[in-house]
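K.L.:
Got work-v5.pdb for you, PDB, C-alpha atoms, pLDDT in the B column:
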```
ATOM      1  CA  MET A   1     122.641  31.232 103.699  1.00 58.00           C
ATOM      2  CA  THR A   2     121.839  28.055 101.783  1.00 77.00           C
ATOM      3  CA  VAL A   3     122.197  27.836  98.016  1.00 82.00           C
ATOM      4  CA  ALA A   4     118.499  26.963  97.749  1.00 88.00           C
ATOM      5  CA  VAL A   5     117.476  30.195  99.501  1.00 91.00           C
ATOM      6  CA  LYS A   6     119.750  32.236  97.230  1.00 92.00           C
ATOM      7  CA  ARG A   7     118.303  30.576  94.168  1.00 92.00           C
ATOM      8  CA  LEU A   8     114.755  31.210  95.316  1.00 95.00           C
ATOM      9  CA  TYR A   9     115.471  34.867  96.097  1.00 97.00           C
ATOM     10  CA  HIS A  10     117.271  35.585  92.843  1.00 96.00           C
ATOM     11  CA  VAL A  11     114.746  33.754  90.665  1.00 96.00           C
ATOM     12  CA  SER A  12     111.855  35.438  92.513  1.00 97.00           C
ATOM     13  CA  ALA A  13     113.387  38.913  92.107  1.00 98.00           C
ATOM     14  CA  PHE A  14     114.153  38.235  88.444  1.00 98.00           C
ATOM     15  CA  SER A  15     110.570  37.050  87.860  1.00 97.00           C
ATOM     16  CA  TRP A  16     109.182  40.084  89.689  1.00 98.00           C
ATOM     17  CA  TYR A  17     111.086  42.505  87.499  1.00 98.00           C
ATOM     18  CA  ILE A  18     110.046  40.639  84.360  1.00 97.00           C
ATOM     19  CA  TYR A  19     106.439  41.039  85.485  1.00 97.00           C
ATOM     20  CA  VAL A  20     106.885  44.761  86.198  1.00 97.00           C
ATOM     21  CA  VAL A  21     108.613  45.459  82.885  1.00 96.00           C
ATOM     22  CA  ARG A  22     105.996  43.468  80.963  1.00 95.00           C
ATOM     23  CA  SER A  23     103.241  45.381  82.775  1.00 94.00           C
ATOM     24  CA  LEU A  24     104.853  48.636  81.676  1.00 91.00           C
ATOM     25  CA  ALA A  25     105.233  47.342  78.125  1.00 89.00           C
ATOM     26  CA  ALA A  26     101.523  46.498  78.098  1.00 87.00           C
ATOM     27  CA  LYS A  27     100.850  50.221  78.498  1.00 83.00           C
ATOM     28  CA  ASP A  28     102.251  50.802  75.008  1.00 77.00           C
ATOM     29  CA  GLY A  29      99.520  52.136  72.777  1.00 72.00           C
ATOM     30  CA  GLU A  30      97.439  53.649  75.569  1.00 78.00           C
ATOM     31  CA  GLU A  31      96.791  57.373  75.521  1.00 80.00           C
ATOM     32  CA  LEU A  32      99.517  59.115  77.488  1.00 78.00           C
ATOM     33  CA  PRO A  33      98.518  61.581  80.219  1.00 79.00           C
ATOM     34  CA  PRO A  34      99.968  65.105  80.427  1.00 73.00           C
ATOM     35  CA  GLY A  35     103.468  64.906  81.861  1.00 68.00           C
ATOM     36  CA  ILE A  36     104.552  62.014  79.632  1.00 79.00           C
ATOM     37  CA  PHE A  37     105.623  62.596  76.042  1.00 74.00           C
ATOM     38  CA  VAL A  38     106.260  60.080  73.312  1.00 81.00           C
ATOM     39  CA  TYR A  39     109.752  61.029  72.123  1.00 85.00           C
ATOM     40  CA  GLY A  40     112.364  58.537  73.350  1.00 83.00           C
ATOM     41  CA  GLY A  41     109.750  56.236  74.845  1.00 85.00           C
ATOM     42  CA  PRO A  42     110.422  54.904  78.361  1.00 88.00           C
ATOM     43  CA  TRP A  43     114.155  54.809  77.535  1.00 90.00           C
ATOM     44  CA  LYS A  44     114.488  58.458  78.555  1.00 92.00           C
ATOM     45  CA  TYR A  45     113.519  57.727  82.160  1.00 93.00           C
ATOM     46  CA  LEU A  46     116.136  56.613  84.672  1.00 95.00           C
ATOM     47  CA  THR A  47     113.401  54.743  86.538  1.00 95.00           C
ATOM     48  CA  PHE A  48     112.772  52.481  83.551  1.00 95.00           C
ATOM     49  CA  LEU A  49     116.463  51.981  82.833  1.00 97.00           C
ATOM     50  CA  ASN A  50     116.939  51.061  86.495  1.00 97.00           C
ATOM     51  CA  LEU A  51     114.186  48.432  86.256  1.00 97.00           C
ATOM     52  CA  LEU A  52     115.996  46.848  83.313  1.00 97.00           C
ATOM     53  CA  LEU A  53     119.267  47.001  85.264  1.00 98.00           C
ATOM     54  CA  GLN A  54     117.711  45.296  88.293  1.00 98.00           C
ATOM     55  CA  MET A  55     116.092  42.641  86.109  1.00 98.00           C
ATOM     56  CA  PHE A  56     119.350  41.955  84.281  1.00 98.00           C
ATOM     57  CA  PHE A  57     121.326  41.740  87.513  1.00 98.00           C
ATOM     58  CA  PHE A  58     118.996  39.255  89.164  1.00 97.00           C
ATOM     59  CA  GLY A  59     118.988  37.225  85.969  1.00 96.00           C
ATOM     60  CA  VAL A  60     122.789  37.075  86.119  1.00 95.00           C
ATOM     61  CA  ALA A  61     122.661  36.230  89.850  1.00 95.00           C
ATOM     62  CA  ALA A  62     120.157  33.433  89.226  1.00 94.00           C
ATOM     63  CA  LEU A  63     122.266  32.070  86.379  1.00 92.00           C
ATOM     64  CA  ASN A  64     125.319  32.150  88.615  1.00 91.00           C
ATOM     65  CA  ASP A  65     123.422  30.132  91.241  1.00 89.00           C
ATOM     66  CA  LEU A  66     122.287  27.540  88.722  1.00 82.00           C
ATOM     67  CA  HIS A  67     125.299  27.134  86.431  1.00 73.00           C
ATOM     68  CA  PRO A  68     127.505  24.178  87.375  1.00 58.00           C
ATOM     69  CA  GLY A  69     130.593  25.188  85.388  1.00 61.00           C
ATOM     70  CA  LYS A  70     133.369  26.447  87.678  1.00 62.00           C
ATOM     71  CA  THR A  71     135.068  28.718  85.112  1.00 62.00           C
ATOM     72  CA  THR A  72     131.832  30.258  83.945  1.00 65.00           C
ATOM     73  CA  GLN A  73     130.595  30.589  87.501  1.00 63.00           C
ATOM     74  CA  THR A  74     133.761  32.461  88.491  1.00 84.00           C
ATOM     75  CA  PHE A  75     133.260  34.886  85.619  1.00 87.00           C
ATOM     76  CA  LEU A  76     129.579  35.282  86.449  1.00 88.00           C
ATOM     77  CA  SER A  77     130.374  35.812  90.117  1.00 91.00           C
ATOM     78  CA  ARG A  78     132.786  38.621  89.294  1.00 92.00           C
ATOM     79  CA  PHE A  79     130.373  40.142  86.813  1.00 95.00           C
ATOM     80  CA  ARG A  80     127.523  39.842  89.334  1.00 95.00           C
ATOM     81  CA  ASP A  81     129.578  41.568  92.029  1.00 95.00           C
ATOM     82  CA  PHE A  82     130.648  44.370  89.694  1.00 96.00           C
ATOM     83  CA  LEU A  83     127.072  44.984  88.549  1.00 97.00           C
ATOM     84  CA  PHE A  84     125.727  45.049  92.067  1.00 98.00           C
ATOM     85  CA  SER A  85     128.427  47.173  93.661  1.00 97.00           C
ATOM     86  CA  VAL A  86     128.846  49.795  90.922  1.00 97.00           C
ATOM     87  CA  PHE A  87     125.331  50.017  89.472  1.00 97.00           C
ATOM     88  CA  VAL A  88     122.572  48.005  91.118  1.00 98.00           C
ATOM     89  CA  PHE A  89     122.895  49.263  94.691  1.00 98.00           C
ATOM     90  CA  PRO A  90     123.989  52.887  94.012  1.00 97.00           C
ATOM     91  CA  VAL A  91     121.628  53.558  91.109  1.00 97.00           C
ATOM     92  CA  GLY A  92     118.708  51.643  92.618  1.00 97.00           C
ATOM     93  CA  SER A  93     119.042  53.476  95.943  1.00 97.00           C
ATOM     94  CA  PHE A  94     119.485  56.791  94.145  1.00 97.00           C
ATOM     95  CA  VAL A  95     116.283  56.375  92.132  1.00 97.00           C
ATOM     96  CA  VAL A  96     114.253  55.613  95.258  1.00 97.00           C
ATOM     97  CA  LEU A  97     115.755  58.354  97.434  1.00 97.00           C
ATOM     98  CA  LEU A  98     115.709  61.100  94.797  1.00 95.00           C
ATOM     99  CA  PHE A  99     112.194  60.281  93.616  1.00 96.00           C
ATOM    100  CA  TRP A 100     110.589  60.329  97.047  1.00 97.00           C
ATOM    101  CA  THR A 101     112.571  63.380  98.154  1.00 96.00           C
ATOM    102  CA  ILE A 102     111.365  65.422  95.171  1.00 94.00           C
ATOM    103  CA  PHE A 103     107.888  63.864  95.342  1.00 95.00           C
ATOM    104  CA  SER A 104     107.555  64.952  98.987  1.00 95.00           C
ATOM    105  CA  TYR A 105     108.583  68.491  98.082  1.00 94.00           C
ATOM    106  CA  ASP A 106     106.493  68.894  94.923  1.00 93.00           C
ATOM    107  CA  ARG A 107     105.322  65.839  93.050  1.00 91.00           C
ATOM    108  CA  GLU A 108     104.598  67.872  89.918  1.00 89.00           C
ATOM    109  CA  LEU A 109     108.361  68.216  89.429  1.00 90.00           C
ATOM    110  CA  VAL A 110     108.864  64.484  89.011  1.00 89.00           C
ATOM    111  CA  TYR A 111     105.543  62.582  88.901  1.00 90.00           C
ATOM    112  CA  PRO A 112     102.565  64.787  87.969  1.00 88.00           C
ATOM    113  CA  ALA A 113      99.202  63.858  89.487  1.00 89.00           C
ATOM    114  CA  THR A 114      97.827  63.191  85.995  1.00 88.00           C
ATOM    115  CA  ILE A 115     100.023  60.083  85.842  1.00 89.00           C
ATOM    116  CA  ASP A 116      98.084  58.424  88.692  1.00 89.00           C
ATOM    117  CA  ALA A 117      95.324  57.481  86.284  1.00 86.00           C
ATOM    118  CA  PHE A 118      97.866  55.859  83.951  1.00 89.00           C
ATOM    119  CA  PHE A 119     100.017  53.978  86.459  1.00 90.00           C
ATOM    120  CA  PRO A 120      98.186  52.249  89.328  1.00 92.00           C
ATOM    121  CA  PRO A 121      99.696  52.753  92.823  1.00 93.00           C
ATOM    122  CA  TRP A 122     101.297  49.304  92.897  1.00 95.00           C
ATOM    123  CA  MET A 123     103.219  50.096  89.722  1.00 95.00           C
ATOM    124  CA  ASN A 124     104.473  53.378  91.124  1.00 95.00           C
ATOM    125  CA  HIS A 125     105.791  51.564  94.192  1.00 96.00           C
ATOM    126  CA  ALA A 126     107.243  48.785  92.029  1.00 96.00           C
ATOM    127  CA  MET A 127     109.260  51.419  90.172  1.00 96.00           C
ATOM    128  CA  HIS A 128     110.120  53.753  93.040  1.00 96.00           C
ATOM    129  CA  THR A 129     109.844  51.910  96.380  1.00 97.00           C
ATOM    130  CA  PHE A 130     110.265  48.145  96.299  1.00 97.00           C
ATOM    131  CA  VAL A 131     113.620  48.426  94.550  1.00 98.00           C
ATOM    132  CA  LEU A 132     115.306  49.450  97.819  1.00 97.00           C
ATOM    133  CA  PRO A 133     114.216  46.569 100.092  1.00 98.00           C
ATOM    134  CA  ILE A 134     115.026  44.081  97.343  1.00 98.00           C
ATOM    135  CA  ILE A 135     118.627  45.273  96.994  1.00 98.00           C
ATOM    136  CA  LEU A 136     119.006  45.490 100.769  1.00 97.00           C
ATOM    137  CA  GLY A 137     117.867  41.880 100.871  1.00 96.00           C
ATOM    138  CA  GLU A 138     120.595  41.059  98.361  1.00 97.00           C
ATOM    139  CA  ILE A 139     123.212  42.502 100.714  1.00 96.00           C
ATOM    140  CA  LEU A 140     121.944  40.243 103.520  1.00 94.00           C
ATOM    141  CA  LEU A 141     121.797  37.268 101.207  1.00 93.00           C
ATOM    142  CA  GLN A 142     125.092  37.369  99.317  1.00 91.00           C
ATOM    143  CA  PRO A 143     128.547  38.881  99.963  1.00 93.00           C
ATOM    144  CA  HIS A 144     129.934  40.920  97.058  1.00 94.00           C
ATOM    145  CA  VAL A 145     133.499  41.835  96.156  1.00 93.00           C
ATOM    146  CA  TYR A 146     133.768  45.590  95.610  1.00 95.00           C
ATOM    147  CA  PRO A 147     136.098  47.235  93.071  1.00 94.00           C
ATOM    148  CA  THR A 148     138.282  50.233  93.897  1.00 94.00           C
ATOM    149  CA  THR A 149     136.623  53.600  94.353  1.00 92.00           C
ATOM    150  CA  LYS A 150     138.656  54.966  91.427  1.00 94.00           C
ATOM    151  CA  LEU A 151     137.301  52.331  89.045  1.00 95.00           C
ATOM    152  CA  ALA A 152     133.747  52.779  90.287  1.00 94.00           C
ATOM    153  CA  LEU A 153     133.982  56.572  89.983  1.00 93.00           C
ATOM    154  CA  THR A 154     135.333  56.312  86.435  1.00 95.00           C
ATOM    155  CA  VAL A 155     132.623  53.925  85.279  1.00 96.00           C
ATOM    156  CA  LEU A 156     129.813  55.814  87.006  1.00 94.00           C
ATOM    157  CA  THR A 157     131.020  59.127  85.557  1.00 93.00           C
ATOM    158  CA  VAL A 158     131.098  57.741  82.012  1.00 95.00           C
ATOM    159  CA  VAL A 159     127.594  56.292  82.384  1.00 96.00           C
ATOM    160  CA  GLY A 160     126.339  59.450  84.085  1.00 93.00           C
ATOM    161  CA  VAL A 161     127.644  61.706  81.324  1.00 94.00           C
ATOM    162  CA  ALA A 162     126.117  59.387  78.722  1.00 96.00           C
ATOM    163  CA  TYR A 163     122.689  59.592  80.386  1.00 95.00           C
ATOM    164  CA  LEU A 164     122.960  63.371  80.818  1.00 93.00           C
ATOM    165  CA  SER A 165     123.844  63.697  77.138  1.00 94.00           C
ATOM    166  CA  TRP A 166     120.802  61.601  76.268  1.00 95.00           C
ATOM    167  CA  ILE A 167     118.309  63.724  78.225  1.00 94.00           C
ATOM    168  CA  ILE A 168     119.875  66.919  76.845  1.00 93.00           C
ATOM    169  CA  TRP A 169     119.448  65.473  73.343  1.00 94.00           C
ATOM    170  CA  VAL A 170     115.782  64.792  74.131  1.00 94.00           C
ATOM    171  CA  TYR A 171     115.372  68.408  75.282  1.00 94.00           C
ATOM    172  CA  VAL A 172     117.127  69.790  72.203  1.00 93.00           C
ATOM    173  CA  SER A 173     114.994  67.586  69.946  1.00 92.00           C
ATOM    174  CA  VAL A 174     111.543  68.346  71.352  1.00 91.00           C
ATOM    175  CA  GLY A 175     112.057  71.321  73.683  1.00 91.00           C
ATOM    176  CA  ILE A 176     110.756  69.465  76.741  1.00 90.00           C
ATOM    177  CA  TRP A 177     112.774  68.280  79.719  1.00 91.00           C
ATOM    178  CA  VAL A 178     112.378  64.622  80.633  1.00 91.00           C
ATOM    179  CA  TYR A 179     111.904  65.765  84.243  1.00 90.00           C
ATOM    180  CA  PRO A 180     110.035  69.068  84.841  1.00 88.00           C
ATOM    181  CA  LEU A 181     112.465  69.817  87.670  1.00 91.00           C
ATOM    182  CA  LEU A 182     115.276  70.398  85.175  1.00 92.00           C
ATOM    183  CA  GLY A 183     113.373  73.288  83.665  1.00 90.00           C
ATOM    184  CA  ARG A 184     113.849  75.198  86.934  1.00 91.00           C
ATOM    185  CA  PHE A 185     117.629  75.407  86.481  1.00 93.00           C
ATOM    186  CA  ASN A 186     119.838  77.630  84.365  1.00 92.00           C
ATOM    187  CA  SER A 187     122.972  76.194  82.742  1.00 90.00           C
ATOM    188  CA  ALA A 188     125.090  76.608  85.887  1.00 94.00           C
ATOM    189  CA  GLY A 189     122.335  75.072  87.989  1.00 93.00           C
ATOM    190  CA  LEU A 190     122.143  72.059  85.695  1.00 92.00           C
ATOM    191  CA  VAL A 191     125.895  71.491  85.999  1.00 92.00           C
ATOM    192  CA  PHE A 192     125.699  71.765  89.794  1.00 95.00           C
ATOM    193  CA  PHE A 193     122.684  69.427  89.923  1.00 94.00           C
ATOM    194  CA  PHE A 194     124.522  66.853  87.807  1.00 93.00           C
ATOM    195  CA  PHE A 195     127.626  66.915  89.990  1.00 93.00           C
ATOM    196  CA  PHE A 196     125.507  66.825  93.134  1.00 95.00           C
ATOM    197  CA  ASN A 197     123.705  63.725  91.861  1.00 94.00           C
ATOM    198  CA  MET A 198     126.978  62.058  90.886  1.00 93.00           C
ATOM    199  CA  THR A 199     128.317  62.760  94.372  1.00 94.00           C
ATOM    200  CA  VAL A 200     125.237  61.164  95.924  1.00 96.00           C
ATOM    201  CA  VAL A 201     125.607  58.081  93.713  1.00 96.00           C
ATOM    202  CA  LEU A 202     129.274  57.750  94.670  1.00 94.00           C
ATOM    203  CA  LEU A 203     128.383  58.063  98.362  1.00 96.00           C
ATOM    204  CA  LEU A 204     125.782  55.345  97.884  1.00 97.00           C
ATOM    205  CA  PHE A 205     128.475  53.169  96.294  1.00 97.00           C
ATOM    206  CA  LYS A 206     130.595  53.679  99.420  1.00 96.00           C
ATOM    207  CA  LEU A 207     127.582  52.999 101.642  1.00 97.00           C
ATOM    208  CA  GLY A 208     126.915  49.735  99.833  1.00 96.00           C
ATOM    209  CA  GLY A 209     130.504  48.666 100.423  1.00 95.00           C
ATOM    210  CA  LYS A 210     130.254  49.557 104.111  1.00 95.00           C
ATOM    211  CA  LEU A 211     127.011  47.630 104.545  1.00 96.00           C
ATOM    212  CA  ASN A 212     128.430  44.651 102.661  1.00 95.00           C
ATOM    213  CA  ALA A 213     131.512  44.585 104.886  1.00 94.00           C
ATOM    214  CA  LEU A 214     129.486  45.136 108.067  1.00 94.00           C
ATOM    215  CA  VAL A 215     127.128  42.243 107.377  1.00 93.00           C
ATOM    216  CA  TRP A 216     129.663  39.701 106.158  1.00 91.00           C
ATOM    217  CA  ARG A 217     132.704  40.473 108.275  1.00 84.00           C
ATOM    218  CA  ARG A 218     130.707  40.111 111.452  1.00 65.00           C
ATOM    219  CA  SER A 219     129.380  36.787 110.250  1.00 59.00           C
ATOM    220  CA  GLY A 220     132.893  35.599 109.482  1.00 53.00           C
ATOM    221  CA  LEU A 221     131.949  34.837 105.883  1.00 52.00           C
ATOM    222  CA  TYR A 222     133.569  37.856 104.242  1.00 48.00           C
TER     223      TYR A 222
END
```
Take the structure in this file and express it as structure tokens.

P.N.:
Amino acid sequence: MTVAVKRLYHVSAFSWYIYVVRSLAAKDGEELPPGIFVYGGPWKYLTFLNLLLQMFFFGVAALNDLHPGKTTQTFLSRFRDFLFSVFVFPVGSFVVLLFWTIFSYDRELVYPATIDAFFPPWMNHAMHTFVLPIILGEILLQPHVYPTTKLALTVLTVVGVAYLSWIIWVYVSVGIWVYPLLGRFNSAGLVFFFFFNMTVVLLLFKLGGKLNALVWRRSGLY
């Protein structure tokens, strides 16, 4: 894959996510439909945090493509690989898979119908669909060095507990769950659901590593 193609892909993905995030920001001030509450703003939603993660990653990847300095580029390359392997692929895939799985079962648990009038269909797919093909394209475009499973598990667990603590704080503060689905569980169910989700994310981390190795070992470039 030529450097020019990588640059174009990374800059295009970075620009796309800037556009999506700015489009979401432009919604600020509009009357919120039932199913969305003000407390915590968009920062309480994993979907929004994932968009920022994807945007940041592709910004780093584009900078790595463009920066001529060898030392800085080595640091950026390592940072890029760590971001992609531990967060971008697992979390991005998780958001897409979990959203559409729950949506197919009962959309009111994750994306109430009242939200359709607030977010146009393209924006819904930008947040919950297009993320997956873009990160799969990244795997085909660029080999990534993966950290050990132990390191990835440690980092993902810390971040996962931090996010869980945040949404529990939101619930304690306003008495409303960020996701209606969570209101269906008792305390034991919430613990099980959290560990189940963490297991899925870890499996997606392993899947990303397998796909990365499959694509680049066969090509002789990894």

K.L.:
Assuming the chain letters and numbering stay as they are in my file, what does the PyMOL selection byres ((chain A and resi 61) around 8) actually select? List them as a list in words.

P.N.:
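Going through the file, the PyMOL selection byres ((chain A and resi 61) around 8) ends up selecting His10, Phe57, Phe58, Gly59, Val60, Ala62, Leu63, Asn64, Asp65, Leu76, Ser77 and Arg80 of chain A.
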
K.L.:
With 3 Å of padding per side, what axis-aligned box (centre and edge lengths, Å, one decimal) covers all the listed atoms of segment 205-215 of chain A? Give it as lines of an AutoDock Vina configuration file.

P.N.:
```
center_x = 129.2
center_y = 48.0
center_z = 102.2
size_x = 10.6
size_y = 17.4
size_z = 17.8
```

K.L.:
Please expand the PyMOL selection byres ((chain A and resi 18) around 10) into the concrete residues it hits in this file, giving the result as a ChimeraX atom specification.

P.N.:
/A:12-17,19-24,51-52,54-56,59

K.L.:
Can you translate the PyMOL selection byres ((chain A and resi 180-182) around 9) into the concrete residues it hits in this file, as a PyMOL selection string?

P.N.:
chain A and resi 35+102+108-111+176-179+183-186+189-190+193

K.L.:
Go through A:Tyr163, A:Tyr105, A:Phe94, A:Phe75 one by one, measure the shortest atom-to-atom distance of each to Asn197 of chain A using only C-alpha atoms, and give the residue with the smallest value.

P.N.:
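Selected residue with least distance to Asn197 of chain A: A:Phe94.
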